[in-house]
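Undergrad: File name input-v2.cif; file contents mmCIF, C-alpha atoms; full text below.
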```
data_start
loop_
_atom_site.label_atom_id
_atom_site.label_comp_id
_atom_site.auth_asym_id
_atom_site.auth_seq_id
_atom_site.Cartn_x
_atom_site.Cartn_y
_atom_site.Cartn_z
CA MET K 119 11.70 2.12 -26.07
CA LYS K 120 13.10 -0.63 -28.30
CA LYS K 121 15.31 -1.89 -25.47
CA PHE K 122 12.29 -1.98 -23.17
CA PHE K 123 10.34 -4.22 -25.55
CA GLU K 124 13.41 -6.43 -26.01
CA ALA K 125 13.73 -6.73 -22.22
CA PHE K 126 10.00 -7.49 -21.97
CA ALA K 127 10.43 -10.27 -24.53
CA ASN K 128 13.34 -11.67 -22.50
CA VAL K 129 10.99 -12.10 -19.53
CA TRP K 130 9.33 -15.04 -21.29
CA LYS K 131 12.67 -16.67 -22.04
CA ILE K 132 13.29 -17.34 -18.34
CA GLU K 133 11.21 -20.39 -17.43
CA GLU K 134 11.04 -19.72 -13.68
CA LEU K 135 10.08 -16.06 -14.14
CA LYS K 136 7.46 -16.94 -16.75
CA ASN K 137 5.87 -19.53 -14.44
CA ARG K 138 5.82 -17.08 -11.54
CA ILE K 139 4.09 -14.43 -13.66
CA LEU K 140 1.50 -16.93 -14.89
CA VAL K 141 0.82 -18.12 -11.32
CA THR K 142 0.40 -14.51 -10.20
CA LEU K 143 -2.02 -13.69 -13.01
CA GLY K 144 -4.02 -16.86 -12.35
CA LEU K 145 -4.43 -16.20 -8.64
CA LEU K 146 -5.34 -12.55 -9.27
CA LEU K 147 -8.00 -13.76 -11.72
CA VAL K 148 -9.44 -16.03 -9.02
CA TYR K 149 -9.61 -13.07 -6.63
CA ARG K 150 -11.35 -10.87 -9.19
CA PHE K 151 -13.85 -13.64 -9.94
CA GLY K 152 -14.66 -14.03 -6.23
CA ALA K 153 -15.29 -10.28 -5.93
CA HIS K 154 -18.39 -10.75 -8.09
CA VAL K 155 -19.87 -13.75 -6.22
CA THR K 156 -22.74 -12.37 -4.15
CA LEU K 157 -23.47 -13.62 -0.63
CA PRO K 158 -26.05 -16.41 -0.56
CA GLY K 159 -29.51 -15.12 0.31
CA ILE K 160 -29.11 -11.72 -1.41
CA ASP K 161 -30.63 -10.81 -4.78
CA ALA K 162 -27.74 -9.53 -6.90
CA THR K 163 -30.12 -7.53 -9.12
CA GLN K 164 -31.15 -5.25 -6.23
CA LEU K 165 -27.79 -3.86 -5.17
CA ASN K 166 -28.27 -0.40 -6.70
CA SER K 167 -28.62 1.32 -3.35
CA LEU K 168 -25.43 -0.34 -2.08
CA THR K 169 -23.61 0.68 -5.25
CA ASN K 170 -24.79 4.27 -4.83
CA GLN K 171 -23.36 4.24 -1.32
CA THR K 172 -19.89 3.76 -2.79
CA GLN K 173 -20.06 6.36 -5.57
CA GLY K 174 -17.88 8.84 -3.71
CA GLY K 175 -16.13 9.70 -0.49
CA ILE K 176 -15.41 7.14 2.20
CA GLY K 177 -17.63 4.50 0.61
CA TRP K 178 -15.56 4.69 -2.56
CA LEU K 179 -12.33 4.26 -0.59
CA ILE K 180 -13.68 1.15 1.13
CA ASP K 181 -14.85 -0.27 -2.18
CA VAL K 182 -11.43 0.35 -3.74
CA PHE K 183 -9.61 -1.59 -1.02
CA THR K 184 -11.98 -4.53 -1.49
CA GLY K 185 -11.71 -4.50 -5.27
CA GLY K 186 -15.38 -3.58 -5.75
CA ALA K 187 -16.54 -6.49 -3.59
CA PHE K 188 -18.06 -4.16 -0.97
CA SER K 189 -20.59 -2.72 -3.43
CA GLN K 190 -21.34 -6.22 -4.79
CA ALA K 191 -22.20 -7.71 -1.36
CA SER K 192 -19.59 -10.29 -2.32
CA VAL K 193 -18.07 -13.15 -0.37
CA PHE K 194 -14.90 -10.97 -0.49
CA ALA K 195 -16.79 -7.89 0.76
CA LEU K 196 -14.33 -7.34 3.62
CA GLY K 197 -11.42 -7.97 1.29
CA ILE K 198 -7.91 -8.10 2.63
CA MET K 199 -8.35 -5.11 4.95
CA PRO K 200 -8.78 -7.16 8.17
CA TYR K 201 -5.40 -8.78 7.45
CA ILE K 202 -3.79 -5.38 6.88
CA SER K 203 -5.33 -4.09 10.12
CA ALA K 204 -4.04 -7.14 12.00
CA SER K 205 -0.55 -6.67 10.52
CA ILE K 206 -0.49 -3.04 11.63
CA VAL K 207 -1.63 -3.95 15.15
CA VAL K 208 1.03 -6.69 15.48
CA GLN K 209 3.70 -4.33 14.17
CA LEU K 210 2.76 -1.58 16.61
CA MET K 211 2.46 -4.03 19.52
CA GLY K 212 5.97 -5.21 18.71
CA ILE K 213 7.23 -1.92 20.13
CA ALA K 214 5.72 -2.44 23.58
CA VAL K 215 5.20 -6.21 24.02
CA PRO K 216 8.44 -8.03 25.02
CA TYR K 217 7.24 -11.39 23.64
CA LEU K 218 6.69 -9.92 20.17
CA GLN K 219 10.05 -8.13 20.36
CA LYS K 220 11.67 -11.47 21.10
CA LEU K 221 9.96 -13.09 18.11
CA GLN K 222 11.19 -10.30 15.83
CA LYS K 223 14.78 -11.20 16.75
CA GLU K 224 14.42 -14.96 16.21
CA GLY K 225 14.75 -14.87 12.46
CA GLU K 226 12.68 -17.21 10.30
CA SER K 227 11.09 -19.13 13.19
CA GLY K 228 10.03 -15.88 14.86
CA ARG K 229 8.60 -14.57 11.60
CA LYS K 230 6.46 -17.71 11.23
CA LYS K 231 5.06 -17.28 14.74
CA LEU K 232 4.31 -13.61 14.07
CA ASN K 233 2.50 -14.58 10.86
CA GLN K 234 0.43 -17.10 12.81
CA ILE K 235 -0.50 -14.45 15.39
CA THR K 236 -1.44 -12.09 12.56
CA ARG K 237 -3.70 -14.73 10.99
CA TRP K 238 -5.58 -15.40 14.23
CA LEU K 239 -5.98 -11.67 14.83
CA THR K 240 -7.30 -11.33 11.27
CA ILE K 241 -10.05 -13.84 12.07
CA LEU K 242 -11.01 -11.93 15.23
CA ILE K 243 -11.18 -8.62 13.37
CA THR K 244 -13.27 -10.21 10.61
CA LEU K 245 -15.72 -11.62 13.17
CA VAL K 246 -16.20 -8.07 14.45
CA GLN K 247 -16.44 -6.37 11.06
CA GLY K 248 -18.68 -9.07 9.54
CA PRO K 249 -21.81 -8.30 11.62
CA GLY K 250 -21.18 -4.58 11.00
CA TYR K 251 -21.23 -5.15 7.24
CA ILE K 252 -24.41 -7.22 7.46
CA TYR K 253 -26.03 -4.46 9.55
CA ASN K 254 -25.07 -2.00 6.79
CA LEU K 255 -26.86 -4.23 4.29
CA TYR K 256 -29.97 -4.20 6.50
CA ARG K 257 -30.00 -0.38 6.44
CA THR K 258 -29.07 0.08 2.77
CA LEU K 259 -30.79 -2.63 0.73
CA PRO K 260 -34.56 -2.82 0.21
CA PRO K 261 -36.41 -5.69 1.96
CA GLY K 262 -36.92 -7.43 -1.38
CA ALA K 263 -33.16 -7.84 -1.82
CA PHE K 264 -33.06 -10.53 0.88
CA LEU K 265 -34.10 -13.97 -0.39
CA LEU K 266 -33.99 -15.23 3.20
CA PRO K 267 -35.49 -13.43 6.23
CA SER K 268 -32.83 -10.81 6.98
CA SER K 269 -33.67 -10.84 10.68
CA SER K 270 -33.06 -14.58 11.05
CA PHE K 271 -30.05 -15.79 13.01
CA ALA K 272 -29.30 -18.35 10.28
CA PHE K 273 -28.76 -15.60 7.69
CA LEU K 274 -26.55 -13.53 10.01
CA PHE K 275 -24.48 -16.52 11.14
CA SER K 276 -23.98 -17.98 7.65
CA SER K 277 -23.09 -14.57 6.18
CA VAL K 278 -20.49 -13.82 8.86
CA VAL K 279 -18.93 -17.27 8.40
CA ILE K 280 -18.78 -16.77 4.62
CA LEU K 281 -17.28 -13.27 4.97
CA THR K 282 -14.65 -14.62 7.39
CA THR K 283 -13.86 -17.50 5.03
CA GLY K 284 -13.60 -15.07 2.12
CA THR K 285 -11.08 -12.92 3.97
CA ILE K 286 -9.02 -15.96 4.96
CA PHE K 287 -9.07 -17.21 1.35
CA ALA K 288 -8.00 -13.77 0.06
CA MET K 289 -5.19 -13.77 2.64
CA TRP K 290 -4.13 -17.24 1.44
CA LEU K 291 -4.14 -16.02 -2.18
CA GLY K 292 -1.90 -13.10 -1.24
CA GLU K 293 0.57 -15.32 0.58
CA LYS K 294 0.67 -17.79 -2.32
CA ILE K 295 1.38 -14.97 -4.77
CA THR K 296 4.27 -13.84 -2.56
CA ASP K 297 5.68 -17.39 -2.28
CA LYS K 298 5.00 -18.81 -5.76
CA GLY K 299 4.47 -15.70 -7.87
CA ILE K 300 6.09 -12.33 -8.38
CA GLY K 301 5.71 -9.24 -6.19
CA ASN K 302 4.00 -8.75 -2.83
CA GLY K 303 0.73 -10.69 -2.96
CA ILE K 304 -1.29 -8.60 -0.51
CA SER K 305 -0.31 -5.37 -2.25
CA LEU K 306 -1.12 -6.84 -5.66
CA LEU K 307 -4.63 -7.82 -4.50
CA ILE K 308 -5.26 -4.20 -3.52
CA LEU K 309 -3.67 -2.98 -6.76
CA VAL K 310 -5.98 -4.99 -9.03
CA GLY K 311 -8.96 -3.67 -7.08
CA ILE K 312 -7.84 -0.09 -7.67
CA ILE K 313 -7.14 -0.69 -11.36
CA ALA K 314 -10.54 -2.35 -11.77
CA ARG K 315 -12.23 0.91 -10.74
CA MET K 316 -10.13 3.13 -12.99
CA PRO K 317 -11.84 2.51 -16.40
CA GLN K 318 -15.29 3.32 -15.00
CA ALA K 319 -14.00 6.51 -13.37
CA PHE K 320 -12.25 7.63 -16.57
CA ILE K 321 -15.32 6.90 -18.72
CA GLN K 322 -17.45 9.06 -16.41
CA GLU K 323 -14.89 11.88 -16.65
CA PHE K 324 -14.70 11.50 -20.45
CA THR K 325 -18.48 11.61 -20.72
CA SER K 326 -18.69 14.69 -18.52
CA VAL K 327 -15.89 16.65 -20.20
CA VAL K 328 -16.16 15.65 -23.88
CA THR K 329 -19.66 14.33 -24.52
CA LYS K 330 -21.43 16.92 -22.38
CA ASN K 331 -18.98 19.61 -23.54
CA ASN K 332 -17.88 20.66 -20.03
CA GLY K 333 -14.49 21.87 -21.18
CA GLY K 334 -13.93 19.76 -24.26
CA PRO K 335 -11.02 17.52 -25.35
CA LEU K 336 -8.43 20.13 -24.41
CA GLN K 337 -9.45 20.02 -20.75
CA LEU K 338 -9.34 16.21 -20.77
CA LEU K 339 -5.84 16.36 -22.28
CA LEU K 340 -4.71 18.79 -19.57
CA GLU K 341 -6.17 16.51 -16.89
CA ILE K 342 -4.27 13.50 -18.27
CA VAL K 343 -1.02 15.51 -18.41
CA ALA K 344 -1.54 16.69 -14.83
CA TRP K 345 -2.22 13.10 -13.75
CA LEU K 346 1.00 11.88 -15.39
CA LEU K 347 2.97 14.69 -13.72
CA VAL K 348 1.56 13.66 -10.33
CA ILE K 349 2.62 10.05 -11.01
CA ILE K 350 6.13 11.20 -11.91
CA ALA K 351 6.33 13.26 -8.71
CA CYS K 352 5.08 10.24 -6.73
CA ILE K 353 7.77 8.02 -8.29
CA MET K 354 10.45 10.57 -7.46
CA MET K 355 9.27 10.72 -3.84
CA ILE K 356 9.27 6.92 -3.48
CA MET K 357 12.70 6.52 -5.06
CA ALA K 358 14.36 9.56 -3.44
CA VAL K 359 17.09 8.75 -0.90
CA ARG K 360 19.69 10.68 1.06
CA LYS K 361 23.00 8.85 0.74
CA ILE K 362 25.09 8.95 3.92
CA PRO K 363 28.73 8.10 3.08
CA VAL K 364 30.22 5.25 5.11
CA GLN K 365 33.87 4.26 5.20
CA TYR K 366 35.38 0.96 6.35
CA ALA K 367 38.90 0.39 7.63
CA ARG K 368 40.93 -1.67 5.21
CA ARG K 369 43.46 -3.87 7.01
CA THR K 370 46.71 -4.77 5.23
CA THR K 371 49.50 -7.00 6.53
CA SER K 372 53.15 -5.94 6.26
CA GLY K 373 55.88 -8.00 8.00
CA ASP K 374 55.06 -8.63 11.69
CA PHE K 375 52.53 -5.86 12.10
CA GLU K 376 49.13 -4.91 10.83
CA GLN K 377 48.30 -1.39 9.88
CA ASP K 378 44.77 -0.01 9.61
CA MET K 379 44.40 1.91 6.42
CA MET K 380 41.56 4.43 6.68
CA GLY K 381 39.88 5.23 3.43
CA GLY K 382 39.25 1.64 2.39
CA ASN K 383 35.91 0.50 1.00
CA ARG K 384 33.40 3.34 0.69
CA GLN K 385 29.69 2.61 0.77
CA TRP K 386 26.44 4.43 1.44
CA ILE K 387 23.56 4.28 3.88
CA PRO K 388 20.46 5.12 1.81
CA LEU K 389 17.92 6.98 3.98
CA LYS K 390 14.61 7.22 2.10
CA LEU K 391 12.78 10.51 1.86
CA ASN K 392 9.54 8.65 2.52
CA ALA K 393 10.57 5.72 4.71
CA SER K 394 7.01 5.14 5.96
CA GLY K 395 5.46 4.55 2.54
CA VAL K 396 1.66 4.64 2.41
CA MET K 397 1.15 3.69 6.06
CA PRO K 398 0.65 7.26 7.40
CA ILE K 399 -2.26 7.75 4.99
CA ILE K 400 -3.82 4.44 6.05
CA PHE K 401 -3.44 5.33 9.74
CA ALA K 402 -4.86 8.80 9.18
CA GLN K 403 -7.84 7.49 7.23
CA ALA K 404 -8.59 4.98 9.98
CA ILE K 405 -8.65 7.84 12.51
CA MET K 406 -10.83 9.97 10.22
CA PHE K 407 -13.50 7.25 10.22
CA ILE K 408 -13.90 7.49 14.01
CA PRO K 409 -15.51 10.98 14.46
CA ALA K 410 -18.21 10.27 11.88
CA ALA K 411 -18.89 6.82 13.36
CA LEU K 412 -19.22 8.18 16.92
CA ALA K 413 -21.30 11.17 15.83
CA GLY K 414 -23.60 8.82 13.92
CA LEU K 415 -24.70 7.30 17.24
CA SER K 416 -26.31 10.60 18.24
CA LYS K 417 -29.21 12.48 16.66
CA SER K 418 -28.19 15.95 17.87
CA GLU K 419 -27.56 18.84 15.50
CA THR K 420 -23.87 18.97 16.48
CA ALA K 421 -23.45 15.26 15.73
CA THR K 422 -25.10 15.75 12.33
CA THR K 423 -22.70 18.58 11.53
CA ILE K 424 -19.66 16.49 12.54
CA THR K 425 -20.89 13.55 10.49
CA SER K 426 -21.37 15.68 7.38
CA GLN K 427 -17.93 17.29 7.77
CA PHE K 428 -15.96 14.07 8.28
CA GLN K 429 -17.81 12.04 5.65
CA ASN K 430 -17.04 14.57 2.94
CA VAL K 431 -13.53 13.63 1.82
CA PHE K 432 -13.48 16.68 -0.47
CA GLY K 433 -14.37 19.17 2.29
CA LEU K 434 -11.95 21.74 3.73
CA ALA K 435 -12.24 20.64 7.39
CA TYR K 436 -11.71 16.99 6.51
CA ASN K 437 -8.60 17.64 4.44
CA VAL K 438 -6.96 20.04 6.91
CA VAL K 439 -7.28 17.50 9.73
CA PHE K 440 -6.31 14.69 7.36
CA ALA K 441 -3.10 16.47 6.28
CA LEU K 442 -2.06 17.22 9.87
CA LEU K 443 -2.61 13.59 10.90
CA ILE K 444 -0.52 12.37 7.95
CA ILE K 445 2.42 14.59 8.95
CA ILE K 446 2.20 13.37 12.56
CA PHE K 447 1.93 9.69 11.58
CA THR K 448 4.78 10.03 9.08
CA TYR K 449 7.14 11.04 11.88
CA PHE K 450 5.70 8.38 14.20
CA TYR K 451 5.95 5.50 11.72
CA THR K 452 9.39 6.54 10.51
CA ALA K 453 10.63 6.56 14.12
CA ILE K 454 9.51 2.96 14.71
CA THR K 455 10.58 1.54 11.35
CA VAL K 456 14.01 3.20 10.97
CA PRO K 457 16.07 2.13 14.02
CA THR K 458 18.92 4.65 13.78
CA ASN K 459 20.52 3.45 17.04
CA LYS K 460 20.60 -0.15 15.79
CA MET K 461 22.03 1.02 12.48
CA ALA K 462 24.80 2.84 14.36
CA ASP K 463 25.59 -0.25 16.48
CA ASP K 464 25.70 -2.53 13.43
CA LEU K 465 27.95 -0.05 11.67
CA LYS K 466 30.33 0.06 14.64
CA ARG K 467 30.51 -3.73 14.93
CA SER K 468 31.35 -4.07 11.24
CA GLY K 469 34.20 -1.57 11.51
CA GLY K 470 32.47 1.20 9.58
CA PHE K 471 32.10 4.87 10.38
CA ILE K 472 30.67 8.05 8.92
CA PRO K 473 33.49 10.47 8.08
CA GLY K 474 33.64 13.24 10.67
CA VAL K 475 31.28 11.47 13.12
CA ARG K 476 32.33 9.29 16.04
CA PRO K 477 31.06 5.68 15.98
CA GLY K 478 28.37 4.67 18.47
CA VAL K 479 26.02 7.14 20.13
CA GLU K 480 27.11 10.14 18.07
CA THR K 481 26.50 8.21 14.85
CA GLY K 482 23.01 7.26 16.07
CA ASP K 483 22.24 10.90 16.93
CA TYR K 484 23.58 12.03 13.56
CA LEU K 485 21.43 9.54 11.62
CA ASP K 486 18.40 10.46 13.73
CA ARG K 487 18.93 14.17 13.01
CA ILE K 488 19.27 13.51 9.26
CA MET K 489 16.10 11.38 9.27
CA SER K 490 14.19 14.16 11.05
CA LEU K 491 15.34 16.71 8.47
CA ILE K 492 14.49 14.66 5.38
CA THR K 493 11.22 13.34 6.85
CA LEU K 494 9.74 16.86 7.02
CA PRO K 495 9.63 17.51 3.26
CA GLY K 496 8.60 13.89 2.71
CA ALA K 497 5.72 14.25 5.20
CA ILE K 498 4.57 17.56 3.69
CA PHE K 499 4.63 16.13 0.15
CA LEU K 500 2.78 13.02 1.33
CA ALA K 501 0.12 15.19 2.98
CA PHE K 502 -0.20 17.32 -0.16
CA LEU K 503 -0.50 14.19 -2.30
CA ALA K 504 -3.26 12.88 -0.01
CA VAL K 505 -5.38 16.05 -0.26
CA PHE K 506 -4.64 16.75 -3.95
CA PRO K 507 -7.83 14.92 -5.11
CA ALA K 508 -9.85 17.52 -3.18
CA VAL K 509 -7.88 20.27 -4.94
CA VAL K 510 -8.46 18.99 -8.49
CA SER K 511 -12.15 18.30 -7.77
CA ASN K 512 -12.60 22.07 -7.34
CA PHE K 513 -11.47 22.51 -10.96
CA GLY K 514 -14.38 20.51 -12.37
CA VAL K 515 -12.86 17.01 -12.25
CA GLN K 516 -15.37 14.28 -11.40
CA GLN K 517 -14.91 13.02 -7.84
CA GLN K 518 -14.29 9.36 -8.74
CA TRP K 519 -11.60 10.31 -11.28
CA ALA K 520 -10.17 12.96 -8.92
CA LEU K 521 -9.46 10.27 -6.31
CA PHE K 522 -6.85 8.79 -8.67
CA TYR K 523 -4.83 12.03 -8.50
CA GLY K 524 -3.35 11.14 -5.13
CA GLY K 525 -4.00 9.51 -1.80
CA THR K 526 -3.69 5.85 -0.98
CA SER K 527 -4.79 4.60 -4.39
CA LEU K 528 -2.07 6.37 -6.36
CA LEU K 529 0.68 5.59 -3.85
CA ILE K 530 -0.23 1.90 -3.84
CA MET K 531 -0.35 1.79 -7.65
CA VAL K 532 3.06 3.41 -8.04
CA GLY K 533 4.72 1.66 -5.09
CA VAL K 534 3.54 -1.85 -6.02
CA ALA K 535 4.41 -1.31 -9.68
CA ILE K 536 7.97 -0.21 -8.78
CA ASP K 537 8.44 -3.14 -6.38
CA THR K 538 7.20 -5.70 -8.93
CA ILE K 539 9.32 -4.25 -11.75
CA GLN K 540 12.39 -4.33 -9.50
CA GLN K 541 11.83 -8.03 -8.78
CA ILE K 542 11.44 -8.80 -12.49
CA ASN K 543 14.52 -6.69 -13.18
CA SER K 544 16.60 -8.73 -10.72
CA TYR K 545 15.60 -11.97 -12.50
CA LEU K 546 16.65 -10.52 -15.85
CA LEU K 547 20.00 -9.24 -14.59
CA ASN K 548 20.76 -12.55 -12.83
CA ARG K 549 20.25 -14.32 -16.18
CA HIS K 550 22.52 -11.79 -17.93
CA TYR K 551 19.74 -9.97 -19.76
CA ASP K 552 19.16 -6.23 -19.94
CA GLY K 553 16.81 -5.12 -17.17
CA LEU K 554 13.45 -3.41 -17.55
CA MET K 555 14.67 -0.44 -15.54
CA LYS K 556 17.01 2.16 -17.00
CA SER K 557 19.41 1.87 -14.08
CA GLY K 558 20.09 -1.79 -14.85
CA LYS K 559 23.46 -2.71 -16.35
CA ASN K 560 23.51 -3.63 -20.00
CA ARG K 561 24.50 -7.23 -20.41
CA LYS K 562 24.69 -9.37 -23.49
CA ALA K 563 22.28 -12.29 -23.55
CA VAL K 564 23.92 -15.65 -23.26
CA ALA K 565 22.73 -18.78 -24.95
#
```
What is this file in structure tokens?

TA:
Amino acid sequence: MKKFFEAFANVWKIEELKNRILVTLGLLLVYRFGAHVTLPGIDATQLNSLTNQTQGGIGWLIDVFTGGAFSQASVFALGIMPYISASIVVQLMGIAVPYLQKLQKEGESGRKKLNQITRWLTILITLVQGPGYIYNLYRTLPPGAFLLPSSSFAFLFSSVVILTTGTIFAMWLGEKITDKGIGNGISLLILVGIIARMPQAFIQEFTSVVTKNNGGPLQLLLEIVAWLLVIIACIMMIMAVRKIPVQYARRTTSGDFEQDMMGGNRQWIPLKLNASGVMPIIFAQAIMFIPAALAGLSKSETATTITSQFQNVFGLAYNVVFALLIIIFTYFYTAITVPTNKMADDLKRSGGFIPGVRPGVETGDYLDRIMSLITLPGAIFLAFLAVFPAVVSNFGVQQQWALFYGGTSLLIMVGVAIDTIQQINSYLLNRHYDGLMKSGKNRKAVA
């Protein structure tokens, strides 16, 4: 622990790293401030019904991704989600659209064009989601909450423009954090939104368990221990890799001939247990929104039943379908993000090989088979982690606090924290300081 605090103190000795951290904190503060700026024309004191809509279930998930801006009818009410949706669409289209495939191979120039396409698509998605959000305000808020006539075109137009501008500004903040700050900006914007909801959820759980004597301090202690164990398991899943040994031919010169010496440099190909990250859960949740939305268009008894089943994120039917979709999407996303054939070709061109496996096609098949084997336990654990909040809620845990026991929120918290710490760790090691992470090499500080 002493070494950790010494390493933390060393962070502020590196001028560039200190400036990047301060820039990151400043931009995150701007984002959190904007989440509490209500749309013009809406009375901020009459948002109770909108807040109640996000107390649990799907509404809570939406509010988490927007950092609480959804329940505040804020200028950032749509948050960064349209940008994430656009990024997913562009990434998936890159599989089938030749033009996007070409851009992916053009290096930095291609990446800039893809980013520009993603930005324009973000605006289009926001222009579609904006009127939907305003329509939700019409249905949820009382008439007195609108300072301007809610049915007027001026209110609708101005609100959609402001929501679109808010999303673009949030996207700009995320990109600036990535360029000038530390960590992935978009992920950090989501992270601060999740963390902002945590104190309120814990206070509600504390009040329920301790103050109202629904189990007492011992139960609260057990809940915290269980939560920490889930975080540890989540870290292990994110960090777990299967190391595939790779050997390179070492060429030595002797007289007038060259002899290939097998058994030269030995390296590893790290295949992650969960190569798809949090994306399968995001995909699955997007699909789970569809049945309830379609059923809501009908007034029949069957439609009402479907709506109630798929809006209850703690229900059995919802979680069974949710878990199956996560397993399917884990395999799908891993297949498109881990190009085993390309890895095999690159390995062959660089003179490397996997011991006991022929270079080329056989190496690609071998890597693909290994990925399929390790993806199964990763997909099952990811599905279990996603439905675990529903499990703990059946043991008396408040729903808002239970949602921190797994799912997208916990994976994002752990994943972003690990990524940010690794970046800080690299700065420390490059300046010959001890790193924050235990795996870092111990180095003596230099003056």

Undergrad: Please list, as a PDB file with C-alpha atoms, keeping the file's coordinate frame, the residues that have an atom at most 12 Å away from (6.0, 10.7, -6.3) in the coordinates of this file, counting all atoms listed in the file.

TA:
```pdb
ATOM      1  CA  TRP K 345      -2.220  13.100 -13.750  1.00  0.00           C
ATOM      2  CA  LEU K 346       1.000  11.880 -15.390  1.00  0.00           C
ATOM      3  CA  LEU K 347       2.970  14.690 -13.720  1.00  0.00           C
ATOM      4  CA  VAL K 348       1.560  13.660 -10.330  1.00  0.00           C
ATOM      5  CA  ILE K 349       2.620  10.050 -11.010  1.00  0.00           C
ATOM      6  CA  ILE K 350       6.130  11.200 -11.910  1.00  0.00           C
ATOM      7  CA  ALA K 351       6.330  13.260  -8.710  1.00  0.00           C
ATOM      8  CA  CYS K 352       5.080  10.240  -6.730  1.00  0.00           C
ATOM      9  CA  ILE K 353       7.770   8.020  -8.290  1.00  0.00           C
ATOM     10  CA  MET K 354      10.450  10.570  -7.460  1.00  0.00           C
ATOM     11  CA  MET K 355       9.270  10.720  -3.840  1.00  0.00           C
ATOM     12  CA  ILE K 356       9.270   6.920  -3.480  1.00  0.00           C
ATOM     13  CA  MET K 357      12.700   6.520  -5.060  1.00  0.00           C
ATOM     14  CA  ALA K 358      14.360   9.560  -3.440  1.00  0.00           C
ATOM     15  CA  LEU K 391      12.780  10.510   1.860  1.00  0.00           C
ATOM     16  CA  ASN K 392       9.540   8.650   2.520  1.00  0.00           C
ATOM     17  CA  GLY K 395       5.460   4.550   2.540  1.00  0.00           C
ATOM     18  CA  VAL K 396       1.660   4.640   2.410  1.00  0.00           C
ATOM     19  CA  GLY K 496       8.600  13.890   2.710  1.00  0.00           C
ATOM     20  CA  PHE K 499       4.630  16.130   0.150  1.00  0.00           C
ATOM     21  CA  LEU K 500       2.780  13.020   1.330  1.00  0.00           C
ATOM     22  CA  ALA K 501       0.120  15.190   2.980  1.00  0.00           C
ATOM     23  CA  PHE K 502      -0.200  17.320  -0.160  1.00  0.00           C
ATOM     24  CA  LEU K 503      -0.500  14.190  -2.300  1.00  0.00           C
ATOM     25  CA  ALA K 504      -3.260  12.880  -0.010  1.00  0.00           C
ATOM     26  CA  TYR K 523      -4.830  12.030  -8.500  1.00  0.00           C
ATOM     27  CA  GLY K 524      -3.350  11.140  -5.130  1.00  0.00           C
ATOM     28  CA  GLY K 525      -4.000   9.510  -1.800  1.00  0.00           C
ATOM     29  CA  LEU K 528      -2.070   6.370  -6.360  1.00  0.00           C
ATOM     30  CA  LEU K 529       0.680   5.590  -3.850  1.00  0.00           C
ATOM     31  CA  ILE K 530      -0.230   1.900  -3.840  1.00  0.00           C
ATOM     32  CA  MET K 531      -0.350   1.790  -7.650  1.00  0.00           C
ATOM     33  CA  VAL K 532       3.060   3.410  -8.040  1.00  0.00           C
ATOM     34  CA  GLY K 533       4.720   1.660  -5.090  1.00  0.00           C
ATOM     35  CA  ILE K 536       7.970  -0.210  -8.780  1.00  0.00           C
TER      36      ILE K 536
END
```

Undergrad: Name every residue that the PyMOL selection byres ((chain K and resi 275-278) around 10) selects in this structure, writing the answer as an mmCIF file with C-alpha atoms, keeping the file's coordinate frame with chains first and numbers rising.

TA:
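The file below, selection_31.cif, is the result:
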```cif
data_model
loop_
_atom_site.group_PDB
_atom_site.id
_atom_site.type_symbol
_atom_site.label_atom_id
_atom_site.label_comp_id
_atom_site.auth_asym_id
_atom_site.auth_seq_id
_atom_site.Cartn_x
_atom_site.Cartn_y
_atom_site.Cartn_z
ATOM 1 C CA LEU K 157 -23.470 -13.620 -0.630
ATOM 2 C CA PRO K 158 -26.050 -16.410 -0.560
ATOM 3 C CA GLY K 159 -29.510 -15.120 0.310
ATOM 4 C CA VAL K 193 -18.070 -13.150 -0.370
ATOM 5 C CA THR K 244 -13.270 -10.210 10.610
ATOM 6 C CA LEU K 245 -15.720 -11.620 13.170
ATOM 7 C CA VAL K 246 -16.200 -8.070 14.450
ATOM 8 C CA GLN K 247 -16.440 -6.370 11.060
ATOM 9 C CA GLY K 248 -18.680 -9.070 9.540
ATOM 10 C CA PRO K 249 -21.810 -8.300 11.620
ATOM 11 C CA GLY K 250 -21.180 -4.580 11.000
ATOM 12 C CA TYR K 251 -21.230 -5.150 7.240
ATOM 13 C CA ILE K 252 -24.410 -7.220 7.460
ATOM 14 C CA SER K 270 -33.060 -14.580 11.050
ATOM 15 C CA PHE K 271 -30.050 -15.790 13.010
ATOM 16 C CA ALA K 272 -29.300 -18.350 10.280
ATOM 17 C CA PHE K 273 -28.760 -15.600 7.690
ATOM 18 C CA LEU K 274 -26.550 -13.530 10.010
ATOM 19 C CA VAL K 279 -18.930 -17.270 8.400
ATOM 20 C CA ILE K 280 -18.780 -16.770 4.620
ATOM 21 C CA LEU K 281 -17.280 -13.270 4.970
ATOM 22 C CA THR K 282 -14.650 -14.620 7.390
ATOM 23 C CA THR K 283 -13.860 -17.500 5.030
ATOM 24 C CA GLY K 284 -13.600 -15.070 2.120
#
```

Undergrad: Could you pull the residues within 6 Å of Arg138 in chain K, counting only C-alpha atoms, minus those fewer than 3 positions along the same chain, as number ranges by chain?

TA: K: 135, 141, 299-300

Undergrad: Check the smallest atom-to-atom distance from each of K:Leu239, K:Asn233, K:Lys223, K:Pro260 to Ile160 in chain K using all atoms listed in the file, then report the winner.

TA: K:Pro260

Undergrad: Residues picked by the PyMOL selection byres ((chain K and resi 305-313) around 8) here, as a ChimeraX atom specification?

TA: /K:146,149-150,182-186,198,292,301-304,314-317,527,530-531,534
